[in-house]
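What follows is one structure encoded as structure tokens, with my remarks underneath.
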Amino acid sequence: MSREWWHQPLHYWSQALGFHYRIQHVSAAIDPLFTTVGGWWQQGDHWCITLDAHYIACLSGFAEDGQLLRDALSYTLHLAAGQAAGKATEKGSDLWAYWVCERCGQWGQQPTADLVPLLSNADELRAAWQGQGEGPKQGPIASLFTPARPQGHFVWLHWARREGEGVALAVPDGALRTVVEAYQPNTWLGPVVAPSGYQSALLWWPLVADLAELPQQLDELLGVLEADAMVFAQATFGKAVVQGAEWAQALLTTVLAWQQRVWLDTPPRVWGFGQRPGLQLLQALPKSVLESFLEGALEDSQTTGCGDWPEEWRTTLTGLLAANLNVSEAARLLYLHRNTLMNRIERIRERTGYDIRHFEDAAMLWLVSAITRQLGVDRERAKP
Amino acid sequence: MARVQLVNIAKRYSGDVLAVNDFNLDVADKEFVVFVGPSGCGKTTTLRMIAGLEDITDGDLFIGDRRVNDVAPKDRDIAMVFQNYALYPHMTVYQNMAFGLKLRKMPKTDIDKRVRDAAQILDIVHLLDRKPKALSGGQRQRVALGRAIVREPKVFLMDEPLSNLDAKLRVQMRAEIRKLHQRIQTTVIYVTHDQTEAMTMGDRIVVMKDGLIQQVATPQEVYTNPTNLFVAGFIGSPAMNFLRGELVEEAAVLRFRAADVDIRIPEGRYPALRQAGVVGKAVVLGVRPEDLHNDELFLSTYPEAEIELSVEVVENMGPEIYVHSSVGGQNMVARVPARYDLRPGSRAKLALDMNKVHIFDGETEAAIPHHIAEAIASR
Ligand SMILES: Nc1ncnc2c1ncn2[C@@H]1O[C@H](COP(=O)(O)OP(=O)(O)OP(=O)(O)O)[C@@H](O)[C@H]1O
Ligand SMILES: [Mg+2]
């Protein structure tokens, strides 16, 4: 492979940022710790960046606190190295993955992003999403100096959740990767650590012309995964990345979309962050607010949340909501006699004080069930 | 041998949803069994557990002689076909069908033979070089079937494979899938929410509701002897008519009474009704639309089984008409020959074929058998 590949990107960057650089040959192979292309360290008062196992570039006149700039330069060099190695079309996504995963895991390690810390602390996540706190970095500088990146969506794929006594039947992600790449080439970014025992991977999906096509495409992807890889997978997606700096939002909304599924009675297997904007409101509420809502809403009732509801209440409520609170229509949907349904509605009213034939009361019980589910999940997660 | 046995199978989703409960079924080798029931009753969940795509919360699953609860899906020797007939957009039909075998590292010549054989069976040989985009819905579904057939599995699992097709194509594909089953001679478990599809396709059908099996029997048996009010109402189109009322005893005669209805129950049914303890209680009388008649013969055979209906709407179906009407505030549909000449706004006297009338316990909604012997036999 030609050693010339780094000249063009380095030249571009030095012009843009006004620094000088010197290429150094390192006689002994570079310490494995630093061998990743784009790895940075300080030598005296210079910043140095690894080009390959034997060459580094040392920069002078380069801002010391420019973490964002360093990230962006690393990314460019990754890309250029990949292209030079003829991997651009085939493996270009790997570099992109590396770049993304670096934000979640450790530079230089397996490109495995650990999203668990992000997920387990909702407040931190929210702060990061709103651009506060120590979340993934974003901002005008990054987009200014980062060369054009592909446009698209992150897709978070989950599969093979195993619960109960069954022997853990882990599905190797190799099989999934083959099928995913056969369906849509260059999309597989890499495995990530998922919460609650699922196996999961992050995909990079090309931008669709019409957002409504995305769930359809993903549903089809899940279909071929079932047919050929024989796994039942689920997917969430977030906001699109159109400009470079939007990746952080895109990744976080993808994660938030997975969290949103808890609020749904029967989560569909493909779910996008923006599909039900009301959920974003609920998601933004701190746990203490949810708890006091539940307490207030059920003050005069004989239930503490949907955990102690008979199964038929759940179907009664969802049936009635599906029928726009029209009792006869709901009875038809549920294959119940109208009188039977009326009895159930009456029993719910007796025990909760809510008459779900009325919009406000139905909405309250819907909220109660969604919030109990959410708090239940929080409680499970809090367990060691 | 691909017998499939489900023993006390249950599925609980995280939290509070009991999607399937106490599911017991023995599917014979080469049998075509259909799961049918309303949306959310647990059909897909059960199928996914058989496939291994979902964990089994409780119970035992056997395919052949092997307990497969903990066997990975790819080692269960099954193939699945789903509603969304997902195909790879960048591959030709041939490649789509071959891909699963390629993943299994099958030699090229074997793959070629299987793909061409399956294409022959499904009559899609001329489409092998096309991409999915250039196929119609029906053609895509054939390709999806082809992809399953080439695997030569022991068991086929199909989840509403025809529900994305238009009505005409669906009827045609139903027949083709049945023919296919006869040719390839494998066990098929087929899921649908469409009772007509279930009735026309299954050797046996499994009627489900709320995660529970309601009845397992041949289509004919389910139609003529539904075990409860739900099955009776779900199977058959137009649906069975139900009259809510009371079973009263007067001078040693049992009668069904509701507003504007007074019907004498044939004596042959007394023992079973007495044993069920519904005399003097609320019951539901069920009668299929085709079991209402106004022939002289019927009116004289069952003189005390007449009802007078107010005709509301008449639907002309060609050789017969559907008469939508009401009696004492309860709706009734009668399916009678077109020559009956019933007009909206008129009144009509019809006799119930009392041999075919169903009686359900008003409380438990269970069907009360015609004879006591049946009750014993069905336990
Ligand atoms: N992943 C899930 N998490 C929680 N509940 C679920 C999940 N999947 C299904 N359910 C619930 O399990 C029950 C059975 O669902 P299932 O999909 O098996 O029904 P179905 O009979 O196939 O319905 P349909 O005719 O609509 O396809 C429903 O109450 C559904 O809400
Ligand atoms: Mg289903």
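In the structure tokens, each chain is lettered A, B, ... as it comes, each chain's residues begin at 1, and ligands are numbered from 1 in order of appearance.
The chain A residues that come within 6 Å of chain B are Val167, Tyr183, Glu220, Gly223, Val224, Asp228, Val231 and Phe232 of chain A, with only C-alpha atoms taken into account.
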(request) Kindly compile the residues surrounding ligand 2 within 10 Å, counting only C-alpha atoms and all ligand atoms, and format them as a list in words. (result)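 Sorted by chain and then by number, the residues are Val36, Gly37, Pro38, Ser39, Gly40, Cys41, Gly42, Lys43, Thr44, Thr45, Thr46, Leu47, Arg48, Phe82, Gln83, Asp159, Glu160, Val191, Thr192 and His193 of chain B.
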Go ahead and dump the residues you just picked, all heavy atoms, as a compact mmCIF listing (two decimals), in the first residue's frame.
# COMPACT_ATOMS: atom_id res chain seq x y z
N VAL B 36 -56.63 -20.59 14.19
CA VAL B 36 -57.46 -19.44 13.82
C VAL B 36 -58.01 -18.78 15.08
O VAL B 36 -58.23 -19.44 16.09
CB VAL B 36 -58.60 -19.89 12.86
CG1 VAL B 36 -59.59 -20.81 13.55
CG2 VAL B 36 -59.30 -18.69 12.25
N GLY B 37 -58.19 -17.48 15.01
CA GLY B 37 -58.74 -16.74 16.15
C GLY B 37 -58.56 -15.26 15.90
O GLY B 37 -57.83 -14.86 14.99
N PRO B 38 -59.23 -14.46 16.71
CA PRO B 38 -59.17 -13.01 16.49
C PRO B 38 -57.78 -12.44 16.80
O PRO B 38 -56.95 -13.11 17.40
CB PRO B 38 -60.20 -12.46 17.46
CG PRO B 38 -60.36 -13.50 18.50
CD PRO B 38 -60.09 -14.81 17.83
N SER B 39 -57.57 -11.22 16.39
CA SER B 39 -56.29 -10.56 16.59
C SER B 39 -55.89 -10.57 18.07
O SER B 39 -56.71 -10.32 18.94
CB SER B 39 -56.40 -9.12 16.08
OG SER B 39 -55.16 -8.50 16.19
N GLY B 40 -54.64 -10.90 18.32
CA GLY B 40 -54.13 -10.86 19.69
C GLY B 40 -54.39 -12.12 20.49
O GLY B 40 -54.09 -12.18 21.68
N CYS B 41 -54.91 -13.18 19.86
CA CYS B 41 -55.27 -14.37 20.63
C CYS B 41 -54.07 -15.28 20.88
O CYS B 41 -54.17 -16.26 21.60
CB CYS B 41 -56.40 -15.14 19.96
SG CYS B 41 -55.89 -15.96 18.45
N GLY B 42 -52.92 -14.98 20.27
CA GLY B 42 -51.73 -15.77 20.57
C GLY B 42 -51.30 -16.72 19.46
O GLY B 42 -50.42 -17.56 19.68
N LYS B 43 -51.85 -16.60 18.27
CA LYS B 43 -51.50 -17.49 17.17
C LYS B 43 -50.03 -17.35 16.80
O LYS B 43 -49.29 -18.33 16.73
CB LYS B 43 -52.35 -17.17 15.92
CG LYS B 43 -53.85 -17.16 16.17
CD LYS B 43 -54.62 -16.81 14.91
CE LYS B 43 -54.41 -15.39 14.41
NZ LYS B 43 -55.04 -14.35 15.23
N THR B 44 -49.63 -16.11 16.54
CA THR B 44 -48.25 -15.86 16.12
C THR B 44 -47.28 -16.26 17.21
O THR B 44 -46.25 -16.89 16.94
CB THR B 44 -48.08 -14.37 15.77
OG1 THR B 44 -48.93 -14.07 14.67
CG2 THR B 44 -46.65 -14.05 15.40
N THR B 45 -47.63 -15.93 18.44
CA THR B 45 -46.75 -16.28 19.56
C THR B 45 -46.53 -17.79 19.61
O THR B 45 -45.40 -18.25 19.78
CB THR B 45 -47.38 -15.78 20.88
OG1 THR B 45 -47.58 -14.37 20.76
CG2 THR B 45 -46.48 -16.08 22.05
N THR B 46 -47.60 -18.55 19.45
CA THR B 46 -47.47 -20.01 19.49
C THR B 46 -46.58 -20.51 18.35
O THR B 46 -45.69 -21.33 18.55
CB THR B 46 -48.87 -20.67 19.40
OG1 THR B 46 -49.72 -20.08 20.37
CG2 THR B 46 -48.78 -22.15 19.64
N LEU B 47 -46.81 -19.96 17.17
CA LEU B 47 -46.02 -20.37 16.01
C LEU B 47 -44.54 -20.04 16.23
O LEU B 47 -43.66 -20.83 15.89
CB LEU B 47 -46.54 -19.65 14.77
CG LEU B 47 -46.27 -20.35 13.44
CD1 LEU B 47 -47.07 -21.63 13.38
CD2 LEU B 47 -46.61 -19.45 12.28
N ARG B 48 -44.29 -18.87 16.78
CA ARG B 48 -42.90 -18.46 17.02
C ARG B 48 -42.23 -19.36 18.05
O ARG B 48 -41.04 -19.59 18.00
CB ARG B 48 -42.86 -17.03 17.53
CG ARG B 48 -43.13 -16.01 16.47
CD ARG B 48 -42.93 -14.61 17.03
NE ARG B 48 -43.24 -13.62 16.03
CZ ARG B 48 -42.53 -13.41 14.95
NH1 ARG B 48 -41.45 -14.12 14.74
NH2 ARG B 48 -42.90 -12.52 14.07
N PHE B 82 -43.96 -15.96 6.05
CA PHE B 82 -44.71 -14.94 6.76
C PHE B 82 -45.49 -14.06 5.81
O PHE B 82 -45.28 -14.04 4.61
CB PHE B 82 -43.78 -14.08 7.60
CG PHE B 82 -43.05 -14.85 8.64
CD1 PHE B 82 -41.77 -15.29 8.43
CD2 PHE B 82 -43.68 -15.19 9.81
CE1 PHE B 82 -41.10 -16.03 9.38
CE2 PHE B 82 -43.02 -15.93 10.78
CZ PHE B 82 -41.74 -16.35 10.56
N GLN B 83 -46.33 -13.27 6.44
CA GLN B 83 -47.20 -12.34 5.74
C GLN B 83 -46.44 -11.34 4.87
O GLN B 83 -46.86 -11.03 3.78
CB GLN B 83 -48.00 -11.63 6.83
CG GLN B 83 -48.75 -10.42 6.40
CD GLN B 83 -49.45 -9.83 7.61
OE1 GLN B 83 -49.55 -10.46 8.66
NE2 GLN B 83 -49.95 -8.63 7.46
N ASP B 159 -47.43 -18.04 8.71
CA ASP B 159 -48.18 -17.06 9.48
C ASP B 159 -48.86 -16.07 8.55
O ASP B 159 -48.22 -15.18 8.00
CB ASP B 159 -47.24 -16.32 10.44
CG ASP B 159 -48.01 -15.52 11.49
OD1 ASP B 159 -49.25 -15.43 11.37
OD2 ASP B 159 -47.39 -15.00 12.42
N GLU B 160 -50.13 -16.25 8.35
CA GLU B 160 -50.94 -15.39 7.49
C GLU B 160 -50.25 -15.09 6.16
O GLU B 160 -50.12 -13.93 5.77
CB GLU B 160 -51.25 -14.06 8.20
CG GLU B 160 -51.71 -14.30 9.63
CD GLU B 160 -52.89 -13.45 10.02
OE1 GLU B 160 -53.47 -12.80 9.13
OE2 GLU B 160 -53.25 -13.46 11.19
N VAL B 191 -51.30 -20.31 10.16
CA VAL B 191 -52.02 -19.36 11.02
C VAL B 191 -52.84 -18.39 10.18
O VAL B 191 -52.36 -17.89 9.16
CB VAL B 191 -51.01 -18.55 11.87
CG1 VAL B 191 -51.66 -17.29 12.43
CG2 VAL B 191 -50.47 -19.41 13.01
N THR B 192 -54.06 -18.16 10.60
CA THR B 192 -54.88 -17.15 9.93
C THR B 192 -55.90 -16.59 10.91
O THR B 192 -56.24 -17.23 11.91
CB THR B 192 -55.60 -17.74 8.70
OG1 THR B 192 -56.43 -16.73 8.12
CG2 THR B 192 -56.47 -18.92 9.07
N HIS B 193 -56.38 -15.38 10.64
CA HIS B 193 -57.48 -14.89 11.47
C HIS B 193 -58.79 -14.99 10.69
O HIS B 193 -59.84 -14.58 11.15
CB HIS B 193 -57.22 -13.45 11.93
CG HIS B 193 -57.17 -12.48 10.80
ND1 HIS B 193 -56.01 -12.13 10.18
CD2 HIS B 193 -58.16 -11.81 10.18
CE1 HIS B 193 -56.28 -11.28 9.20
NE2 HIS B 193 -57.57 -11.07 9.17
Go through chain A residue by residue and, counting only C-alpha atoms and all ligand atoms, keep those with an atom at most 9 Å from ligand 1; for each kept residue give the shortest atom pair and its distance in Å to one decimal, ordered by chain and increasing number, as CSV.
residue,atom,partner,partner_atom_place_in_ligand_line,distance
A:Leu264,CA,ligand 1,4 (C),8.9
A:Asp265,CA,ligand 1,31 (O),6.7
A:Thr266,CA,ligand 1,31 (O),4.6
A:Pro267,CA,ligand 1,1 (N),6.1
A:Pro268,CA,ligand 1,1 (N),7.5
A:Arg269,CA,ligand 1,1 (N),7.5
A:Arg314,CA,ligand 1,29 (O),8.8
A:Thr315,CA,ligand 1,29 (O),7.5
(request) Go through A:Ala362, A:Ala175, A:Leu77, A:Val26 and flag the residue nearest Ala53 in chain A, using only C-alpha atoms for the distances. (result)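 Nearest candidate to Ala53 in chain A out of A:Ala362, A:Ala175, A:Leu77, A:Val26: A:Val26.
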(request) For His293 in chain B, list every protein, DNA or RNA residue within 8 Å, evaluated using only C-alpha atoms, and leave out those in the same chain fewer than 4 positions away; present the list as a list in words. (result)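 Neighbouring residues, sequence-local ones excluded: Phe298, Leu299, Val336, Leu350, Ala351, Leu352 and Asp353 of chain B.
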